[in-house]
Amino acid sequence: MSKTPRFSPKKEAPSVFRQEKLISITEVLQMTISHAYQENSSATNELFTNLSNEFSLISHQIKSKEFSQLEKELHQKFAQAEREAMKQLLESYDWCLSKFKSEDGQSYVHSSRNKKRYMTLAGEVIIERSLYRAERNGPTFCPLELNTGLIEGFWSPQAAKQAIQLVSQLTPVEVESIFKEFGLMNPSKSSLDRLPKKLIHHEAVQQLNLEEKLQEQFDIPKSAKLFAISLDGVMVHTRYSKVLPGDSAWSEASCGTVSFYDDNGVLLNTRYMGRMPEHKKKTLKQQLIMQVQKIHCKRPELTLIKVADGARDNWSFFENEVIKGECVLDFYHACEHLHHAMKLIYGKNEKKLVVAFAKYRDILLNDFKGISKVINHLKYQMKKYPTLKKLQTELTYFSRNKKRCEYARLKSENKPIGSGVVESACKQVVQMRLKRSGQHWNDNGGQAILTFRSIVLSHELDNAWDVIKKSYIWPIKIKPIETPNNVIQFRKIN
């Protein structure tokens, strides 16, 4: 049995190869990035010269250090170079004028010039920038921040987007540790905690109506033949003060879903919505109504299915406030009530209970007259056991929802019969983020997380971020500004 030959290169080969590779990488980086700094070529050349020198120092430490340590140092050097490059790029968006006028004739004068920290994808940079005022002791604005669209005067747009995506999934403490391990961005847990609250309540974002924009931009799958809407509630721990000793610290948050299905009943796409506790889910219901109207305008041929549990408020909303569509009682909830009815009838006789429940569950699911047979069976048992008042409650439940329990027909038409999508939404949108150990929420903080978590889970973050970042590029009360040709203008929103 022959052994596989082992390659043994000459000792000189690796070092020669590294040097050639080092030079080629540096040249490529310099060619691709230096276009952004044509006005400041000396700084750019110095940046890449320093980076090349750092490469050379690392390459001569191969024998004296472990690869993992060299890898870490290399990453840090690149990060430092990226911060320097980002600093130069941001500085190019600043103005340094004594005064200028806007198109409406308003004069602006230079107020001060000072340093400020900004967070970018590469980490924190400190930049000296100019501030301007329209009147003495009036509010100041910063051209650098408005030209680049810096978020809340601290985050670069892409840095804020990354932070939002992570903090909607994890706690600020966890996100802080993740960024620290990555070795680039290093935001504090306090900054991460404030960001979603600031974004969701930003005046310009509110005026642009983020939710309405997302509803307009939501893509309906081309192969969709029907869509289903659902809503449900889940309890969360709140910070509301107790008025009476018996008041609970738990309140019901709400979740809503809009799901699309093809001809075969395959789930294609889902849009999630989450709201903090509110009387009768008022805002969530408004969002669902608007979403259904948008879909109906775009694709009027799509069949609407409304799925929920047996709560009367749900069906009052679906049948009176939402456009016409087929209503379906969630099969799992129907089975829960059927099991409870059988338990009342057969008591502790486990064997008869299991057999009877399995029999009528199958009838309810697969028989086209299943709901009528279940109701008739319960009526017969009521005559047999007239003292079982709780059984009358279950009979009333099925009688009230009779027209919503045609499961065999719905299955044959490949239509959904369960609210599993919204049940999953309650877990994914609310429970996995808002019901972790020791957490309790107020409306502002909780709603900020639920909004962005819904956006991320619905794969709408790119669309949402286009709306958000535009609101920071142009100040609401200031019109386009006339400046000399060598000064970068404010970018206008289309």
# chains A, B, ... in the order shown; residues from 1 in each chain; ligands from 1
$ residues_around --residues "Gly446 (chain A)" --least-positions-apart "5" --cutoff "10 Å" --atoms "only C-alpha atoms" --output "short mmCIF file (atom, residue, chain, number, x, y, z; two decimals) with C-alpha atoms, in the first residue's frame"
data_model
loop_
_atom_site.label_atom_id
_atom_site.label_comp_id
_atom_site.auth_asym_id
_atom_site.auth_seq_id
_atom_site.Cartn_x
_atom_site.Cartn_y
_atom_site.Cartn_z
CA PRO A 196 -34.57 51.73 18.42
CA LYS A 197 -36.51 54.08 20.74
CA VAL A 236 -45.91 40.37 28.71
CA THR A 238 -45.01 45.55 31.99
CA ALA A 253 -49.50 42.30 23.77
CA GLY A 274 -46.58 43.29 16.85
CA ARG A 275 -48.03 45.80 19.30
CA MET A 276 -47.66 46.44 23.00
CA PRO A 277 -50.79 46.08 25.21
CA VAL A 430 -42.91 38.69 21.40
CA ARG A 433 -37.39 38.83 22.89
CA LEU A 434 -39.76 40.38 25.46
CA HIS A 440 -40.27 44.08 32.09
CA TRP A 441 -41.26 46.77 29.61
CA THR A 451 -41.70 47.17 15.47
#
$ select_by_dssp --residues "region 123-334 of chain A" --states "alpha helix (DSSP H)" --output "number ranges by chain"
A: 143-148, 157-167, 172-182, 189-200, 203-208, 210-217, 282-298, 312-321, 331-334
$ write_last_selection --atoms "C-alpha atoms" --output "short mmCIF file (atom, residue, chain, number, x, y, z; two decimals), in the first residue's frame"
data_model
loop_
_atom_site.label_atom_id
_atom_site.label_comp_id
_atom_site.auth_asym_id
_atom_site.auth_seq_id
_atom_site.Cartn_x
_atom_site.Cartn_y
_atom_site.Cartn_z
CA PRO A 143 -23.67 69.96 7.57
CA LEU A 144 -21.51 66.87 8.03
CA GLU A 145 -24.31 65.00 9.80
CA LEU A 146 -27.01 66.15 7.38
CA ASN A 147 -24.96 65.51 4.24
CA THR A 148 -24.10 61.96 5.27
CA PRO A 157 -26.41 54.71 8.39
CA GLN A 158 -24.95 51.23 7.87
CA ALA A 159 -23.66 50.99 11.44
CA ALA A 160 -27.13 51.85 12.77
CA LYS A 161 -28.73 49.30 10.45
CA GLN A 162 -26.47 46.53 11.75
CA ALA A 163 -27.12 47.57 15.34
CA ILE A 164 -30.91 47.58 14.82
CA GLN A 165 -30.86 44.14 13.21
CA LEU A 166 -28.98 42.67 16.16
CA VAL A 167 -30.70 44.51 19.01
CA PRO A 172 -28.16 45.26 24.25
CA VAL A 173 -25.72 43.50 26.63
CA GLU A 174 -25.45 40.52 24.27
CA VAL A 175 -25.07 42.74 21.20
CA GLU A 176 -22.35 44.75 22.94
CA SER A 177 -20.36 41.58 23.62
CA ILE A 178 -20.82 40.37 20.02
CA PHE A 179 -19.47 43.62 18.56
CA LYS A 180 -16.60 43.53 21.04
CA GLU A 181 -15.69 40.04 19.84
CA PHE A 182 -15.84 41.14 16.20
CA LYS A 189 -25.20 48.83 25.68
CA SER A 190 -26.74 52.22 26.51
CA SER A 191 -26.35 53.44 22.92
CA LEU A 192 -27.80 50.20 21.62
CA ASP A 193 -30.74 50.44 24.01
CA ARG A 194 -31.55 54.03 22.97
CA LEU A 195 -31.26 53.52 19.21
CA PRO A 196 -34.57 51.73 18.42
CA LYS A 197 -36.51 54.08 20.74
CA LYS A 198 -35.00 57.15 19.07
CA LEU A 199 -35.65 55.82 15.58
CA ILE A 200 -39.26 54.83 16.08
CA GLU A 203 -40.26 63.21 14.08
CA ALA A 204 -39.39 62.75 10.41
CA VAL A 205 -39.92 58.97 10.58
CA GLN A 206 -43.33 59.58 12.14
CA GLN A 207 -44.24 62.02 9.36
CA LEU A 208 -43.14 59.56 6.66
CA LEU A 210 -43.14 53.93 8.21
CA GLU A 211 -45.87 51.31 8.56
CA GLU A 212 -47.85 52.68 5.62
CA LYS A 213 -44.74 52.82 3.43
CA LEU A 214 -43.94 49.19 4.22
CA GLN A 215 -47.48 48.11 3.43
CA GLU A 216 -47.24 49.79 0.02
CA GLN A 217 -43.86 48.20 -0.74
CA LYS A 282 -56.95 48.93 18.35
CA THR A 283 -53.74 49.81 16.44
CA LEU A 284 -53.08 46.24 15.31
CA LYS A 285 -56.59 45.97 13.90
CA GLN A 286 -56.10 49.22 11.97
CA GLN A 287 -52.85 47.85 10.52
CA LEU A 288 -54.58 44.66 9.42
CA ILE A 289 -57.42 46.60 7.79
CA MET A 290 -54.97 48.79 5.87
CA GLN A 291 -52.92 45.76 4.81
CA VAL A 292 -55.99 43.90 3.51
CA GLN A 293 -57.10 46.98 1.58
CA LYS A 294 -53.67 47.39 -0.03
CA ILE A 295 -53.58 43.72 -1.06
CA HIS A 296 -57.14 43.87 -2.38
CA CYS A 297 -56.26 46.91 -4.52
CA LYS A 298 -53.16 45.22 -5.96
CA ARG A 312 -65.74 36.98 20.33
CA ASP A 313 -63.84 40.23 19.89
CA ASN A 314 -61.77 38.64 17.10
CA TRP A 315 -64.83 37.60 15.12
CA SER A 316 -66.64 40.85 15.74
CA PHE A 317 -63.65 42.59 14.16
CA PHE A 318 -63.20 40.14 11.27
CA GLU A 319 -66.88 40.04 10.30
CA ASN A 320 -67.81 43.70 10.80
CA GLU A 321 -64.67 45.70 10.00
CA PHE A 331 -58.67 23.67 14.40
CA TYR A 332 -56.32 23.30 17.38
CA HIS A 333 -58.55 25.49 19.58
CA ALA A 334 -61.63 23.58 18.41
#
$ closest_atom_pairs --of "region 104-168 of chain A" --to "region 76-82 of chain A" --cutoff "9 Å" --atoms "only C-alpha atoms" --output "CSV"
residue,atom,partner,partner_atom,distance
A:Leu121,CA,A:Glu82,CA,9.0
A:Ala122,CA,A:Glu82,CA,5.9
A:Gly123,CA,A:Ala79,CA,7.8
$ write_last_selection --atoms "N, CA and C atoms" --output "CSV table (one decimal), in the first residue's frame"
chain,number,residue,atom,x,y,z
A,121,LEU,N,-19.1,51.6,10.8
A,121,LEU,CA,-18.9,50.1,10.7
A,121,LEU,C,-17.5,49.7,11.1
A,122,ALA,N,-16.6,50.6,10.9
A,122,ALA,CA,-15.2,50.3,11.3
A,122,ALA,C,-14.9,50.6,12.8
A,123,GLY,N,-15.8,51.2,13.5
A,123,GLY,CA,-15.6,51.6,14.8
A,123,GLY,C,-15.8,53.1,15.1
$ closest_atom_pairs --of "region 418-473 of chain A" --to "region 220-229 of chain A" --cutoff "12 Å" --atoms "only C-alpha atoms" --output "tab-separated table"
residue	atom	partner	partner_atom	distance
A:Gly418	CA	A:Ala228	CA	10.3
A:Ser419	CA	A:Ile229	CA	9.0
A:Gly420	CA	A:Ala228	CA	11.5
A:Val421	CA	A:Ile229	CA	9.4
A:Val422	CA	A:Ile229	CA	8.6
$ closest_residue --among "A:Asn401, A:Thr387, A:Thr257, A:Asn53" --to "Ala311 (chain A)" --atoms "only C-alpha atoms"
A:Asn401
